[in-house]
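First comes the structure, then the notes that go with it.
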Amino acid sequence: MQMRLRTKQLVLCAVLTALGVGLQILESIVPIPINLPGGKLGLANIVTLILLCTVDRKAAFLCAVLRPFLASLLYGGVSAMLYSVTGSFFAAACMMLLALRAGKGRLTVIGVSIIGAVSHNAAQTVVACMLLSNVWIFTYLPILAIAACITGIFTGYAAKYALIVPKAHAPLGTME
Amino acid sequence: MSKWDKLLAAAILTLSVVSLIFINVFAFFSGAPDTVIIELDGKEYAKYPLKQINSSKSIEIKSEYGYNKIELFSDGVRVTESDCPDKLDVLQGKLRKQTSISSVCRTGW
């Protein structure tokens with residue numbers, strides 16, 4: 001029984017990582033009407049949120065690091081990879097530490113999503129600051145944070161509605 | 001969306017707006033810059049003192065990376081023409097503050 005659950009978790013993790021790669025590439029192909037460099041919807045974060053709520057933290061963390069790595073190998077480039085891997089890594093760490101420890105029982109998946117989006121942008125700004133060796137980049141962070149707040153709420157709702165489905169098919173292991 | 005979610009979103013939004021106001025006030029008081037330094041490939045390419053410019057002056061930069069046309073004013077600088085695909089530097093408009101602009105053609109963020 002234990003083995004079966006692990007296999008199921010592994011498969012779910014793999015499928016969701018692949019879905020995340022797809023979403024990340026889709027989002028970089030679809031143009032957004034607002035001209036905001038660095039600003040994007042963050043659709044791929046939905047996948048991390050789903051894994052965080054259904055399987056466990058380790059799986060979510062692994063997915064959050066592997067997903068941008070794979071996606072930028074397929075589409076993007078090395079500089080894009082630097083930005084997205086660090087952003088995703090930091091966002092996943094923040095979501096786990098801040099949201100699930102400090103905000104346990106208080107924050108819903110939407111709050112966790114907002115924290116993820118904002119920390120993703122913060123990490124990317126730090127990388128941009130180091131790559132361009134320009135501290136003034138940080139003056140751009142508030143604008144990104146406002147955008148991240150809005151997109152964070154959006155992806156949070158998307159994850160919330162997506163989570164209705166795995167909850168209906170209960171046997172997924174350590175689900176709350 | 002729980003009460004804490006709303007609180008978190010409100011906190012982040014207020015913090016951002018306050019820091020935006022702070023940045024703009026700070027940039028406003030720091031005044032117009034007096035020199036423009038153009039760097040190409042990390043090295044200094046040209047330097048222009050803005051006080052010597054009466055109305056405007058345009059310079060063209062042709063390099064292995066492409067073409068850029070930069071216009072200098074007594075109170076700022078802007079990129080007027082560029083052959084990069086997204087034209088972010090042109091869209092940025094005139095810069096009056098003590099900041100730096102990087103005319104880099106992005107490949108991805």
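Order determines the names: the first chain of the structure tokens is A, the second B, and so forth; residues in each chain are numbered 1 upward, and ligands are numbered 1 upward as they are shown.
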If you take only C-alpha atoms and a cut-off of 7 Å, which residues of chain B touch chain A, and what are their nearest atom pairs and distances in Å to one decimal, in chain and number order, as a tab-separated table?
residue	atom	partner	partner_atom	distance
B:Met1	CA	A:Ile110	CA	6.5
B:Ser2	CA	A:Thr108	CA	6.5
B:Trp4	CA	A:Leu107	CA	5.7
B:Asp5	CA	A:Gly111	CA	4.6
B:Leu8	CA	A:Gly111	CA	6.9
B:Ala9	CA	A:Cys149	CA	6.4
B:Leu13	CA	A:Ile146	CA	5.8
B:Ser16	CA	A:Pro142	CA	4.4
B:Val17	CA	A:Pro142	CA	6.9
B:Ser19	CA	A:Pro142	CA	6.7
B:Leu20	CA	A:Pro142	CA	6.1
B:Ile23	CA	A:Thr139	CA	6.7
B:Thr99	CA	A:Trp136	CA	6.6
B:Gly108	CA	A:Ala80	CA	4.9
B:Trp109	CA	A:Ala80	CA	5.1
Please produce a file of the residues just selected, as a PDB file, in the first residue's frame, where the atoms kept are C-alpha atoms.
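The resulting file, result_24.pdb, is shown below:
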ATOM      1  CA  MET B   1      -9.637  34.343   0.468  1.00  0.00           C
ATOM      2  CA  SER B   2      -9.231  34.639   4.216  1.00  0.00           C
ATOM      3  CA  TRP B   4      -4.982  37.058   6.520  1.00  0.00           C
ATOM      4  CA  ASP B   5      -4.705  36.808   2.744  1.00  0.00           C
ATOM      5  CA  LEU B   8      -0.953  40.228   3.339  1.00  0.00           C
ATOM      6  CA  ALA B   9      -1.972  41.653  -0.040  1.00  0.00           C
ATOM      7  CA  LEU B  13       0.592  46.916  -1.823  1.00  0.00           C
ATOM      8  CA  SER B  16       5.198  49.079  -2.596  1.00  0.00           C
ATOM      9  CA  VAL B  17       3.255  52.316  -2.996  1.00  0.00           C
ATOM     10  CA  SER B  19       8.487  52.936  -1.429  1.00  0.00           C
ATOM     11  CA  LEU B  20       7.488  54.133  -4.920  1.00  0.00           C
ATOM     12  CA  ILE B  23      11.888  56.702  -4.592  1.00  0.00           C
ATOM     13  CA  THR B  99      19.923  56.751 -12.816  1.00  0.00           C
ATOM     14  CA  GLY B 108      14.485  36.702 -21.700  1.00  0.00           C
ATOM     15  CA  TRP B 109      13.864  37.581 -18.118  1.00  0.00           C
TER      16      TRP B 109
END
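Relative to atom CA of Ile164 of chain A, atom CA of Thr7 of chain A is found at 21.7 Å.
The closest residue to Cys84 of chain B, picked from B:Phe29, B:Gly66, B:Lys47, B:Glu71 and counting only C-alpha atoms, is B:Gly66.
For the atom pair formed by atom CA of Cys63 of chain A and atom CA of Ala159 of chain A, the distance is 15.5 Å, given to one decimal.
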Compile the contact shell of Ile37 of chain B as a PyMOL selection string: residues with an atom at most 8 Å away, counting only C-alpha atoms, same-chain residues fewer than 5 positions apart removed.
chain B and resi 44-48
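For the residues A:Thr48, A:Gln24, A:Thr54, A:Thr155, ranking by smallest atom-to-atom distance to Gln9 of chain A using only C-alpha atoms places A:Thr54 first.
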